[in-house]
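Everything on this sheet refers to the single structure shown next.
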Amino acid sequence: MRIFPALVLAHLLVASAATAQVGHSPDNSPYADILTNRSLNFQFSTLGGNGGSVGVGPRNGRLFSSTFNIRMGTPTEVFFSLGVGKFDRTIINPNNGPTNLVVADTTKNMTFLGVGFNWLLTGKKTWHRLAPYFGTGVGFTLGGTIASDPGAFGFQGKFFATPRIGVRWHVTNRFLLRFEATDTIWKLTYPPLYFLEPINAPGAAAVLDGTFDTQWTHQATFTIGFGYAFRY
């Protein structure tokens, strides 16, 4: 997975920084305790992707979301997320030949619900006010199906996974900024009409040759956000 080398690099950097902590007096240490264990965050994300082999899946999304993070008694935190966004979609009619396959390019609003875990690489402390982390999450989508799609392609109630790396900048004890890179992964399922000879173009090839009827796609996701931290 593309994100794995970045995780290894982040781990090595933090390990090196932890070694450098030895010999610092408390007043001069680059490390500081994280005194809060809850945070409410608001983010803006951009999602890439190409919509799969046929191009009918959601792509080029702009997502606004909020997360509620709870730090456990260890360097682990759990988060709950809710997001709404708008994605580009291409509608095709498999009954047409390849020259008239695309019916329209449109946008579709979607809702995302998710839950997951982050692991703080510097534990319960920040390093120069930075708290790098890696994590993963799962969730599902609502509202991805277009009722007027002649090809009957659906994207309602799809599950997704979100391996991620990121860093929080604790500007103050209460206010923080977040920068994150995520691989948003979901599965496309193609309807039977995609594998049949087009009715309006006899002899033309079907949209798909039947080699596969499902496809996992990756959407590179970049997030920037801010949050308010507190202790409970």
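We name chains A, B, ... following the order of the structure tokens; residues begin at 1 in each chain, and ligands are numbered from 1 as shown.
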
Within 12 Å of range 66-70 of chain A, which residues of range 109-131 of chain A come that close, and what is the closest atom pair and distance in Å for each? Count only C-alpha atoms and give it as a Markdown table.
```
| residue | atom | partner | partner_atom | distance |
| --- | --- | --- | --- | --- |
| A:Thr111 | CA | A:Ser66 | CA | 11.9 |
| A:Phe112 | CA | A:Ser66 | CA | 10.5 |
| A:Leu113 | CA | A:Thr67 | CA | 10.0 |
| A:Gly114 | CA | A:Thr67 | CA | 9.0 |
| A:Val115 | CA | A:Thr67 | CA | 9.1 |
| A:Gly116 | CA | A:Asn69 | CA | 9.5 |
| A:Phe117 | CA | A:Asn69 | CA | 9.0 |
| A:Asn118 | CA | A:Asn69 | CA | 9.1 |
| A:Trp119 | CA | A:Ile70 | CA | 11.6 |
```

Task: Long-range neighbours of Leu188 in chain A as number ranges by chain, 9 Å cut-off, only C-alpha atoms, 5 positions minimum in chain - done: A: 51-52, 57, 154-155, 158, 213-217

Task: Polymer residues at most 8 Å from range 166-183 of chain A, only C-alpha atoms, same-chain spacing of 5 or more positions, as a PyMOL selection string - done: chain A and resi 3+34-36+126+129-134+161+218-230

Writing out the chosen residues with N, CA and C atoms as a PDB file, in the first residue's frame:
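As a result, again_31.pdb now contains:
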```pdb
ATOM      1  N   ILE A   3       0.748   4.051   1.325  1.00  0.00           N
ATOM      2  CA  ILE A   3       0.862   4.818   2.559  1.00  0.00           C
ATOM      3  C   ILE A   3       1.859   4.180   3.519  1.00  0.00           C
ATOM      4  N   ILE A  34       0.419  16.316  26.968  1.00  0.00           N
ATOM      5  CA  ILE A  34      -0.903  16.646  26.431  1.00  0.00           C
ATOM      6  C   ILE A  34      -1.882  16.557  27.595  1.00  0.00           C
ATOM      7  N   LEU A  35      -2.424  17.683  28.006  1.00  0.00           N
ATOM      8  CA  LEU A  35      -3.241  17.756  29.207  1.00  0.00           C
ATOM      9  C   LEU A  35      -4.719  17.491  28.942  1.00  0.00           C
ATOM     10  N   THR A  36      -5.103  17.395  27.682  1.00  0.00           N
ATOM     11  CA  THR A  36      -6.509  17.180  27.328  1.00  0.00           C
ATOM     12  C   THR A  36      -6.704  15.759  26.816  1.00  0.00           C
ATOM     13  N   THR A 126       3.580  16.004  23.214  1.00  0.00           N
ATOM     14  CA  THR A 126       3.855  16.601  21.908  1.00  0.00           C
ATOM     15  C   THR A 126       5.350  16.807  21.778  1.00  0.00           C
ATOM     16  N   ARG A 129       5.356  20.846  20.050  1.00  0.00           N
ATOM     17  CA  ARG A 129       3.915  21.071  19.903  1.00  0.00           C
ATOM     18  C   ARG A 129       3.277  20.248  18.793  1.00  0.00           C
ATOM     19  N   LEU A 130       4.002  19.300  18.229  1.00  0.00           N
ATOM     20  CA  LEU A 130       3.473  18.436  17.178  1.00  0.00           C
ATOM     21  C   LEU A 130       3.182  17.047  17.747  1.00  0.00           C
ATOM     22  N   ALA A 131       2.088  16.458  17.292  1.00  0.00           N
ATOM     23  CA  ALA A 131       1.704  15.103  17.701  1.00  0.00           C
ATOM     24  C   ALA A 131       1.406  14.286  16.446  1.00  0.00           C
ATOM     25  N   PRO A 132       2.411  13.634  15.868  1.00  0.00           N
ATOM     26  CA  PRO A 132       2.171  12.801  14.672  1.00  0.00           C
ATOM     27  C   PRO A 132       1.443  11.523  15.051  1.00  0.00           C
ATOM     28  N   TYR A 133       0.711  10.980  14.111  1.00  0.00           N
ATOM     29  CA  TYR A 133      -0.064   9.770  14.382  1.00  0.00           C
ATOM     30  C   TYR A 133      -0.293   8.988  13.091  1.00  0.00           C
ATOM     31  N   PHE A 134      -0.672   7.734  13.263  1.00  0.00           N
ATOM     32  CA  PHE A 134      -1.198   6.946  12.155  1.00  0.00           C
ATOM     33  C   PHE A 134      -2.440   6.238  12.674  1.00  0.00           C
ATOM     34  N   ALA A 161     -12.894   1.940   3.926  1.00  0.00           N
ATOM     35  CA  ALA A 161     -11.815   1.890   4.907  1.00  0.00           C
ATOM     36  C   ALA A 161     -10.908   3.091   4.694  1.00  0.00           C
ATOM     37  N   HIS A 218      -9.134   3.310  -4.948  1.00  0.00           N
ATOM     38  CA  HIS A 218      -8.439   4.110  -3.939  1.00  0.00           C
ATOM     39  C   HIS A 218      -8.623   5.596  -4.268  1.00  0.00           C
ATOM     40  N   GLN A 219      -9.004   6.352  -3.266  1.00  0.00           N
ATOM     41  CA  GLN A 219      -9.190   7.793  -3.420  1.00  0.00           C
ATOM     42  C   GLN A 219      -8.206   8.517  -2.493  1.00  0.00           C
ATOM     43  N   ALA A 220      -7.157   9.103  -3.066  1.00  0.00           N
ATOM     44  CA  ALA A 220      -6.206   9.857  -2.254  1.00  0.00           C
ATOM     45  C   ALA A 220      -6.930  11.045  -1.622  1.00  0.00           C
ATOM     46  N   THR A 221      -6.832  11.156  -0.301  1.00  0.00           N
ATOM     47  CA  THR A 221      -7.602  12.142   0.441  1.00  0.00           C
ATOM     48  C   THR A 221      -6.664  13.002   1.287  1.00  0.00           C
ATOM     49  N   PHE A 222      -6.822  14.317   1.175  1.00  0.00           N
ATOM     50  CA  PHE A 222      -6.000  15.245   1.946  1.00  0.00           C
ATOM     51  C   PHE A 222      -6.924  16.146   2.766  1.00  0.00           C
ATOM     52  N   THR A 223      -6.583  16.286   4.045  1.00  0.00           N
ATOM     53  CA  THR A 223      -7.468  16.962   4.993  1.00  0.00           C
ATOM     54  C   THR A 223      -6.714  18.033   5.762  1.00  0.00           C
ATOM     55  N   ILE A 224      -7.376  19.155   5.982  1.00  0.00           N
ATOM     56  CA  ILE A 224      -6.891  20.202   6.869  1.00  0.00           C
ATOM     57  C   ILE A 224      -8.051  20.587   7.782  1.00  0.00           C
ATOM     58  N   GLY A 225      -7.751  20.813   9.044  1.00  0.00           N
ATOM     59  CA  GLY A 225      -8.844  21.117   9.965  1.00  0.00           C
ATOM     60  C   GLY A 225      -8.349  21.800  11.223  1.00  0.00           C
ATOM     61  N   PHE A 226      -9.288  22.174  12.056  1.00  0.00           N
ATOM     62  CA  PHE A 226      -8.965  22.767  13.347  1.00  0.00           C
ATOM     63  C   PHE A 226      -9.852  22.142  14.402  1.00  0.00           C
ATOM     64  N   GLY A 227      -9.428  22.251  15.652  1.00  0.00           N
ATOM     65  CA  GLY A 227     -10.202  21.625  16.710  1.00  0.00           C
ATOM     66  C   GLY A 227     -10.034  22.336  18.039  1.00  0.00           C
ATOM     67  N   TYR A 228     -10.951  22.026  18.935  1.00  0.00           N
ATOM     68  CA  TYR A 228     -10.900  22.519  20.308  1.00  0.00           C
ATOM     69  C   TYR A 228     -10.760  21.329  21.229  1.00  0.00           C
ATOM     70  N   ALA A 229      -9.725  21.335  22.070  1.00  0.00           N
ATOM     71  CA  ALA A 229      -9.433  20.227  22.958  1.00  0.00           C
ATOM     72  C   ALA A 229      -9.818  20.589  24.396  1.00  0.00           C
ATOM     73  N   PHE A 230     -10.261  19.563  25.143  1.00  0.00           N
ATOM     74  CA  PHE A 230     -10.625  19.780  26.534  1.00  0.00           C
ATOM     75  C   PHE A 230     -10.450  18.466  27.294  1.00  0.00           C
TER      76      PHE A 230
END
```

TODO: Could you give me the residues within range 107-205 of chain A that DSSP places in strand (DSSP E or B), as a PyMOL selection string?
DONE: chain A and resi 107-120+125-127+130-142+159-161+164-170+175-189

So which residues touch Val207 in chain A within 8 Å, counting only C-alpha atoms, skipping near sequence neighbours fewer than 4 positions away, as an mmCIF file with N, CA and C atoms, in the first residue's frame?
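File written: around27.cif
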```cif
data_model
loop_
_atom_site.group_PDB
_atom_site.id
_atom_site.type_symbol
_atom_site.label_atom_id
_atom_site.label_comp_id
_atom_site.auth_asym_id
_atom_site.auth_seq_id
_atom_site.Cartn_x
_atom_site.Cartn_y
_atom_site.Cartn_z
ATOM 1 N N VAL A 54 -14.572 2.030 -15.464
ATOM 2 C CA VAL A 54 -15.588 2.617 -16.339
ATOM 3 C C VAL A 54 -15.767 4.105 -16.061
ATOM 4 N N PRO A 94 -25.449 1.602 -20.855
ATOM 5 C CA PRO A 94 -24.818 0.426 -21.476
ATOM 6 C C PRO A 94 -25.542 -0.079 -22.714
ATOM 7 N N PRO A 98 -20.320 2.341 -27.883
ATOM 8 C CA PRO A 98 -19.233 3.095 -27.238
ATOM 9 C C PRO A 98 -19.192 4.571 -27.619
ATOM 10 N N TYR A 194 -24.014 -4.066 -17.621
ATOM 11 C CA TYR A 194 -22.680 -3.689 -18.099
ATOM 12 C C TYR A 194 -22.000 -4.817 -18.868
ATOM 13 N N PHE A 195 -22.524 -6.050 -18.768
ATOM 14 C CA PHE A 195 -21.865 -7.203 -19.369
ATOM 15 C C PHE A 195 -22.628 -7.749 -20.597
ATOM 16 N N LEU A 196 -23.678 -7.033 -21.010
ATOM 17 C CA LEU A 196 -24.504 -7.475 -22.133
ATOM 18 C C LEU A 196 -24.209 -6.653 -23.383
#
```

- [ ] For CA of Ile185 in chain A and CA of Thr162 in chain A, determine how far apart the two atoms are, in Å to one decimal place.
- [x] 6.4 Å

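In this structure, CA of Thr184 in chain A sits 22.8 Å away from CA of Ser39 in chain A.
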
Open item on the list: Considering only C-alpha atoms, can you say which of A:Phe79, A:Asn96, A:Gly55, A:Ser65 comes closest to Pro198 in chain A?
Closed with: A:Asn96

Open item on the list: One decimal, in Å: what's the spacing between CA of Arg71 in chain A and CA of Phe44 in chain A?
Closed with: 22.1 Å

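The shortest atom-to-atom distance to Asn95 in chain A, with only C-alpha atoms taken into account, belongs to A:Ile199 out of A:Ile146, A:Ala32, A:Ile199, A:Leu40.
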
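By chain and then residue number, the residues within 12 Å of Thr99 in chain A are Ile92, Asn93, Pro198, Asn200, Ala201, Ala204, Ala205 and Val207 of chain A, counting only C-alpha atoms and disregarding those fewer than 6 positions away in sequence.
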
- [ ] Rank A:Phe153, A:Phe160, A:Phe87, A:Phe42 by their smallest atom-to-atom distance to Thr141 in chain A, using only C-alpha atoms, and report the top residue only.
- [x] A:Phe160

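Nearest residue to Lys124 in chain A among A:Phe159, A:Tyr31, A:Tyr232, A:Trp186 is A:Tyr31, counting only C-alpha atoms.
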